[in-house]
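input_5.cif (mmCIF, C-alpha atoms) appears below.
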```cif
data_coords
#
loop_
_atom_site.label_atom_id
_atom_site.label_comp_id
_atom_site.auth_asym_id
_atom_site.auth_seq_id
_atom_site.Cartn_x
_atom_site.Cartn_y
_atom_site.Cartn_z
CA MET A 1 11.61 -10.62 12.76
CA THR A 2 10.36 -8.12 10.21
CA ALA A 3 6.99 -8.36 8.49
CA LEU A 4 8.45 -7.27 5.15
CA ALA A 5 12.03 -6.61 4.11
CA LEU A 6 13.51 -5.51 0.80
CA GLU A 7 17.17 -6.38 0.47
CA ASN A 8 19.04 -4.54 -2.30
CA LEU A 9 15.99 -4.86 -4.53
CA SER A 10 16.47 -4.00 -8.19
CA ILE A 11 13.84 -4.02 -10.95
CA ARG A 12 14.47 -3.68 -14.67
CA TYR A 13 12.01 -3.42 -17.55
CA GLY A 14 13.91 -4.67 -20.56
CA THR A 15 17.18 -2.77 -20.49
CA ARG A 16 15.77 0.11 -18.43
CA PRO A 17 16.45 0.01 -14.68
CA VAL A 18 13.56 1.44 -12.65
CA VAL A 19 14.55 0.43 -9.09
CA MET A 20 18.15 0.11 -7.94
CA ASP A 21 19.41 -1.48 -4.71
CA VAL A 22 16.47 -0.46 -2.52
CA SER A 23 16.47 -1.79 1.04
CA LEU A 24 13.91 -1.23 3.78
CA SER A 25 12.49 -3.11 6.74
CA LEU A 26 8.85 -2.96 7.88
CA ALA A 27 8.25 -4.01 11.47
CA PRO A 28 5.06 -5.81 12.55
CA GLY A 29 2.19 -3.42 13.22
CA ARG A 30 3.99 -0.39 11.78
CA THR A 31 3.58 1.76 8.67
CA ILE A 32 6.32 2.82 6.27
CA GLY A 33 5.56 5.63 3.86
CA LEU A 34 7.20 5.33 0.45
CA VAL A 35 7.02 8.69 -1.32
CA GLY A 36 8.17 10.23 -4.57
CA GLU A 37 6.93 11.62 -7.85
CA SER A 38 5.37 9.51 -10.60
CA GLY A 39 8.04 7.35 -12.20
CA SER A 40 10.21 7.19 -9.10
CA GLY A 41 9.74 3.41 -8.80
CA LYS A 42 7.22 3.23 -5.96
CA SER A 43 4.53 1.22 -7.74
CA SER A 44 7.12 -1.07 -9.33
CA ILE A 45 8.18 -2.04 -5.82
CA ALA A 46 4.56 -2.72 -4.84
CA ASN A 47 4.05 -4.92 -7.90
CA ALA A 48 7.29 -6.81 -7.29
CA VAL A 49 6.39 -7.62 -3.69
CA VAL A 50 3.17 -9.36 -4.76
CA GLY A 51 4.78 -11.09 -7.72
CA LEU A 52 3.39 -8.87 -10.49
CA ALA A 53 6.80 -7.58 -11.60
CA PRO A 54 10.02 -9.57 -11.99
CA ILE A 55 13.08 -8.47 -10.06
CA SER A 56 16.57 -8.28 -11.49
CA GLY A 57 18.45 -8.40 -8.20
CA GLY A 58 18.14 -8.59 -4.44
CA ASP A 59 15.44 -10.27 -2.38
CA ILE A 60 11.99 -9.73 -0.85
CA LEU A 61 11.35 -11.35 2.52
CA VAL A 62 7.90 -11.79 4.07
CA ASP A 63 8.16 -12.82 7.71
CA GLY A 64 11.73 -13.89 6.99
CA VAL A 65 10.90 -16.09 3.99
CA SER A 66 11.89 -15.18 0.42
CA ALA A 67 8.88 -14.29 -1.72
CA VAL A 68 10.88 -14.31 -4.96
CA GLY A 69 10.38 -17.03 -7.54
CA ARG A 70 7.76 -19.61 -8.48
CA GLY A 71 8.45 -22.19 -5.79
CA ARG A 72 5.94 -23.28 -3.14
CA ARG A 73 7.65 -21.43 -0.28
CA ALA A 74 7.75 -18.20 -2.30
CA ARG A 75 4.06 -18.51 -3.21
CA GLU A 76 3.13 -19.16 0.41
CA ALA A 77 5.18 -16.15 1.52
CA ARG A 78 3.39 -13.91 -0.97
CA ARG A 79 0.05 -14.97 0.53
CA GLY A 80 1.02 -12.87 3.53
CA VAL A 81 0.86 -9.69 1.43
CA GLN A 82 -2.14 -8.08 -0.24
CA LEU A 83 -2.13 -5.04 -2.54
CA ILE A 84 -4.81 -2.36 -2.53
CA PHE A 85 -4.82 -0.76 -5.96
CA GLN A 86 -4.92 2.93 -6.74
CA ASP A 87 -8.09 3.15 -8.81
CA PRO A 88 -11.22 1.70 -7.17
CA TYR A 89 -13.12 2.11 -10.44
CA SER A 90 -10.94 -0.37 -12.34
CA ALA A 91 -9.88 -2.61 -9.43
CA LEU A 92 -13.24 -4.41 -9.27
CA ASP A 93 -14.68 -6.52 -12.08
CA PRO A 94 -17.79 -4.58 -13.18
CA ARG A 95 -19.58 -7.85 -14.10
CA MET A 96 -19.03 -9.50 -10.71
CA SER A 97 -20.92 -8.67 -7.53
CA VAL A 98 -18.80 -7.18 -4.78
CA GLY A 99 -19.61 -10.17 -2.58
CA ASP A 100 -18.30 -12.57 -5.21
CA SER A 101 -15.12 -10.48 -5.60
CA ILE A 102 -14.47 -10.68 -1.88
CA ALA A 103 -15.34 -14.38 -1.74
CA GLU A 104 -12.92 -15.11 -4.57
CA ALA A 105 -10.13 -13.42 -2.61
CA THR A 106 -10.53 -15.86 0.28
CA LEU A 107 -8.76 -18.42 -1.95
CA ALA A 108 -5.53 -16.54 -1.20
CA THR A 109 -5.58 -17.99 2.31
CA GLY A 110 -4.89 -21.45 0.91
CA ARG A 111 -7.79 -22.90 2.90
CA LYS A 112 -10.92 -24.59 1.61
CA TRP A 113 -14.13 -22.76 2.49
CA THR A 114 -17.69 -24.04 2.50
CA ARG A 115 -20.27 -21.85 0.80
CA ALA A 116 -21.71 -20.92 4.21
CA GLU A 117 -18.29 -19.99 5.55
CA ARG A 118 -17.55 -17.77 2.54
CA HIS A 119 -20.96 -16.12 2.82
CA HIS A 120 -20.39 -15.36 6.52
CA ARG A 121 -16.87 -14.08 5.86
CA VAL A 122 -18.04 -11.74 3.10
CA ARG A 123 -20.70 -10.21 5.34
CA GLU A 124 -18.20 -9.87 8.17
CA LEU A 125 -15.67 -8.06 5.97
CA LEU A 126 -18.26 -5.72 4.48
CA GLU A 127 -19.39 -4.77 7.97
CA ARG A 128 -15.78 -4.16 8.98
CA VAL A 129 -15.30 -1.62 6.17
CA ARG A 130 -18.74 -0.06 6.86
CA VAL A 131 -20.56 -1.24 3.76
CA HIS A 132 -23.95 -2.80 4.52
CA PRO A 133 -23.60 -6.59 4.09
CA ASP A 134 -27.00 -6.81 2.43
CA ARG A 135 -25.39 -5.08 -0.56
CA ALA A 136 -23.04 -8.00 -1.23
CA GLY A 137 -25.04 -8.89 -4.34
CA ASP A 138 -24.71 -5.43 -5.90
CA LEU A 139 -22.35 -4.71 -8.79
CA PRO A 140 -19.49 -2.20 -8.30
CA GLY A 141 -21.31 0.39 -10.42
CA ALA A 142 -23.89 0.80 -7.66
CA PHE A 143 -21.28 2.24 -5.26
CA SER A 144 -19.48 5.55 -4.93
CA GLY A 145 -15.71 5.81 -5.30
CA GLY A 146 -15.15 5.86 -1.56
CA GLN A 147 -17.37 2.83 -1.07
CA ARG A 148 -15.57 0.96 -3.83
CA GLN A 149 -12.20 1.66 -2.23
CA ARG A 150 -13.50 0.34 1.09
CA ILE A 151 -14.71 -2.76 -0.76
CA THR A 152 -11.24 -3.27 -2.28
CA ILE A 153 -9.85 -3.07 1.26
CA ALA A 154 -12.33 -5.76 2.33
CA ARG A 155 -11.20 -7.89 -0.60
CA ALA A 156 -7.56 -7.45 0.46
CA LEU A 157 -8.44 -8.47 4.02
CA ALA A 158 -10.14 -11.61 2.71
CA GLY A 159 -6.68 -13.02 2.04
CA GLU A 160 -5.84 -12.64 5.75
CA PRO A 161 -2.58 -10.77 5.09
CA GLN A 162 0.12 -9.77 7.54
CA VAL A 163 1.12 -6.90 5.26
CA LEU A 164 -1.04 -4.49 3.27
CA ILE A 165 0.45 -2.47 0.44
CA ALA A 166 -1.63 0.66 -0.09
CA ASP A 167 -0.64 2.10 -3.48
CA GLU A 168 -1.95 5.67 -3.84
CA VAL A 169 -5.24 4.52 -2.33
CA THR A 170 -6.70 8.02 -1.96
CA SER A 171 -5.43 9.70 -5.12
CA ALA A 172 -8.56 8.84 -7.14
CA LEU A 173 -10.95 9.96 -4.38
CA ASP A 174 -12.53 13.28 -3.54
CA VAL A 175 -10.85 15.08 -0.67
CA SER A 176 -14.07 14.80 1.31
CA VAL A 177 -13.83 10.99 1.44
CA GLN A 178 -10.06 10.53 1.63
CA GLY A 179 -10.07 10.91 5.41
CA THR A 180 -12.66 8.14 5.78
CA VAL A 181 -10.43 5.67 3.94
CA LEU A 182 -7.30 6.70 5.84
CA ASN A 183 -9.02 6.46 9.21
CA LEU A 184 -10.35 3.02 8.26
CA LEU A 185 -6.83 1.81 7.44
CA ARG A 186 -5.52 3.06 10.77
CA GLU A 187 -8.40 1.39 12.61
CA LEU A 188 -7.84 -1.91 10.81
CA GLN A 189 -4.14 -1.76 11.56
CA GLN A 190 -4.81 -1.32 15.25
CA ASP A 191 -7.47 -4.03 15.39
CA LEU A 192 -5.69 -6.63 13.25
CA GLY A 193 -2.03 -5.84 13.89
CA LEU A 194 -1.38 -5.19 10.20
CA SER A 195 1.87 -3.87 8.79
CA ILE A 196 1.37 -1.32 5.99
CA LEU A 197 3.59 -0.16 3.16
CA PHE A 198 1.89 3.12 2.29
CA ILE A 199 2.79 4.48 -1.14
CA SER A 200 1.91 8.04 -2.08
CA HIS A 201 3.14 11.26 -3.63
CA ASN A 202 1.07 13.23 -1.10
CA LEU A 203 3.30 14.07 1.86
CA ALA A 204 0.43 15.42 3.95
CA VAL A 205 -1.29 12.03 3.73
CA VAL A 206 1.97 10.19 4.37
CA ARG A 207 2.63 12.28 7.49
CA TYR A 208 -0.77 11.25 8.85
CA MET A 209 -0.31 7.54 8.15
CA SER A 210 3.36 6.67 8.56
CA ASP A 211 5.77 5.90 11.39
CA GLU A 212 8.75 6.36 9.09
CA ILE A 213 9.33 7.55 5.54
CA HIS A 214 11.54 6.53 2.65
CA VAL A 215 11.84 9.11 -0.13
CA MET A 216 12.42 7.76 -3.65
CA CYS A 217 13.82 9.60 -6.64
CA GLY A 218 14.91 8.01 -9.91
CA GLY A 219 14.63 4.47 -8.58
CA VAL A 220 16.72 4.94 -5.44
CA ILE A 221 16.00 5.97 -1.85
CA VAL A 222 17.50 9.40 -1.23
CA GLU A 223 16.38 9.95 2.37
CA SER A 224 14.88 7.87 5.18
CA GLY A 225 13.88 8.40 8.77
CA PRO A 226 11.11 8.73 11.35
CA THR A 227 8.23 10.74 9.93
CA GLU A 228 8.18 13.90 12.04
CA PRO A 229 11.94 14.56 12.17
CA LEU A 230 12.32 13.89 8.45
CA LEU A 231 9.46 16.14 7.38
CA ASP A 232 10.31 18.89 9.88
CA GLY A 233 13.96 19.00 8.82
CA PRO A 234 14.55 17.33 5.46
CA GLU A 235 18.18 17.10 4.41
CA ASP A 236 17.96 16.00 0.78
CA PRO A 237 17.13 18.72 -1.78
CA TYR A 238 14.59 16.43 -3.45
CA THR A 239 12.69 15.93 -0.18
CA ARG A 240 12.64 19.70 0.34
CA GLN A 241 11.30 20.09 -3.19
CA LEU A 242 8.48 17.63 -2.50
CA LEU A 243 7.57 19.42 0.73
CA SER A 244 7.62 22.79 -0.96
CA ALA A 245 4.91 21.53 -3.31
CA VAL A 246 2.52 20.79 -0.42
CA PRO A 247 -0.05 23.62 -0.10
CA VAL A 248 -0.38 25.07 3.40
CA LEU A 249 -3.42 27.32 3.81
CA GLY A 250 -3.19 28.22 0.14
CA GLU A 251 0.56 28.86 0.17
CA ARG A 252 3.57 26.72 -0.52
CA MET A 253 6.03 25.73 2.18
CA THR A 254 9.53 27.12 1.88
CA PHE A 255 12.76 25.99 3.46
CA GLU A 256 15.67 28.27 4.13
CA GLU A 257 19.09 27.01 3.17
CA HIS A 258 21.45 27.24 6.12
CA VAL A 259 24.81 28.21 4.71
CA THR A 260 27.86 28.32 6.91
CA PRO A 261 29.69 31.63 6.33
#
```
Structure encoded using structure tokens:
Amino acid sequence: MTALALENLSIRYGTRPVVMDVSLSLAPGRTIGLVGESGSGKSSIANAVVGLAPISGGDILVDGVSAVGRGRRAREARRGVQLIFQDPYSALDPRMSVGDSIAEATLATGRKWTRAERHHRVRELLERVRVHPDRAGDLPGAFSGGQRQRITIARALAGEPQVLIADEVTSALDVSVQGTVLNLLRELQQDLGLSILFISHNLAVVRYMSDEIHVMCGGVIVESGPTEPLLDGPEDPYTRQLLSAVPVLGERMTFEEHVTP
């Protein structure tokens, strides 16, 4: 059984196709990196998985159950997936305390919670992401960007997901705090057995996080494989182009073309 599977997924906005026949399979407890430039279709896939974008073809399976459509089984399947948004500054309602935001997300479990149970759960989740639980009553504006992103992770965990979708979760953060968020995600994955679809344009970050990589360009997957072999010996010209844009000690990586005489 796979935690998340995309089967020939296609997404269209009006008459414009943005994702075409994409298939991938995320195993329980593993991380898939989905990489590509802006506009390649990565975030459209993330939105489609959680029901925020309609699909024009194919299927999305969560633990073997279709998550497409408005039916009860599809809604229940989508409960198994939570999305961590890119921008921690806009992801939290500035008028709502962070504790209330997390408490609201517990509704995604489908269970009824007493006030005491929600209060305990909020404190537990804040502790897990290393934000002092006594700050549950504070508004988002009282926190730094890194703290806010950790709070959005706590809110995602409140839904008790099997799968986390991390959509460019470090791109809005200072380099000095990116590592803290990435290490937290890896720790949570190990402790909770989470499966993660990790979306980024940053191949250095994807190398650190992912067991395997799917490279997207123009709405299709152009190359896939285990992380280290793919990044050490990319075959597709687009993947080589992405890697060449990654700074290494102030220089850009280059790849020699091996031409058979």
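Picture a line from CA of Val222 (chain A) to CA of Asp167 (chain A); it runs 19.7 Å.
Take the candidates A:Leu185, A:Met1, A:Val177, A:Val206 and check each one against Leu164 (chain A) using all atoms listed in the file; the shortest distance goes to A:Leu185.
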For the point (-5.2, -10.2, 3.6) in the file's frame, write as a PyMOL selection string all residues with an atom no more than 10 Å away, counting only C-alpha atoms. chain A and resi 79-84+105-106+108-109+153-164+194
Let me know the residues the PyMOL selection byres ((chain A and resi 57-64) around 10) catches in the file above, as a ChimeraX atom specification. /A:1-12,19-28,45,48-50,54-56,65-69,74,76-81,162-163
Please expand the PyMOL selection byres ((chain A and resi 227-242) around 6) into the concrete residues it hits in this file, giving the result as a PyMOL selection string. chain A and resi 211-213+225-226+243-245
Take the PyMOL selection byres ((chain A and resi 197) around 9), run it mentally on this structure, and tell me the resulting residues as number ranges by chain. A: 4, 26, 30-34, 46, 163-167, 195-196, 198-199, 210
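For the atom pair formed by CA of Arg111 (chain A) and CA of Leu192 (chain A), the distance is 19.4 Å, given to one decimal.
The spacing separating CA of Ile102 (chain A) from CA of Gly71 (chain A) amounts to 25.9 Å.
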Report, as JSON, the centre and edge lengths in Å (one decimal) of the axis-aligned box enclosing every listed atom of region 84-90 of chain A, padded by 8 Å on each side.
```
{"center_x": -9.0, "center_y": 0.4, "center_z": -7.4, "size_x": 24.3, "size_y": 21.5, "size_z": 25.8}
```
Neighbours of Pro94 (chain A) within 12 Å (only C-alpha atoms; same-chain residues fewer than 4 positions away dropped), as an MDAnalysis selection string? chainID A and resid 88:90 98 100:101 138:143 148
Around (-2.3, 13.4, 3.1) in the file's own coordinates, what residues are found within 10 Å if you use all atoms listed in the file, given back as a PyMOL selection string? chain A and resi 170-171+175+178-179+182+200-209+246
For the residues selected in the previous step, produce a file with C-alpha atoms as a short mmCIF file (atom, residue, chain, number, x, y, z; two decimals), keeping the file's coordinate frame.
```cif
data_model
loop_
_atom_site.label_atom_id
_atom_site.label_comp_id
_atom_site.auth_asym_id
_atom_site.auth_seq_id
_atom_site.Cartn_x
_atom_site.Cartn_y
_atom_site.Cartn_z
CA THR A 170 -6.70 8.02 -1.96
CA SER A 171 -5.43 9.70 -5.12
CA VAL A 175 -10.85 15.08 -0.67
CA GLN A 178 -10.06 10.53 1.63
CA GLY A 179 -10.07 10.91 5.41
CA LEU A 182 -7.30 6.70 5.84
CA SER A 200 1.91 8.04 -2.08
CA HIS A 201 3.14 11.26 -3.63
CA ASN A 202 1.07 13.23 -1.10
CA LEU A 203 3.30 14.07 1.86
CA ALA A 204 0.43 15.42 3.95
CA VAL A 205 -1.29 12.03 3.73
CA VAL A 206 1.97 10.19 4.37
CA ARG A 207 2.63 12.28 7.49
CA TYR A 208 -0.77 11.25 8.85
CA MET A 209 -0.31 7.54 8.15
CA VAL A 246 2.52 20.79 -0.42
#
```
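In terms of minimum interatomic distance to Gly145 (chain A), A:Ala91 ranks closest within A:Ser44, A:Ala91, A:Arg75, A:Gly29, counting only C-alpha atoms.
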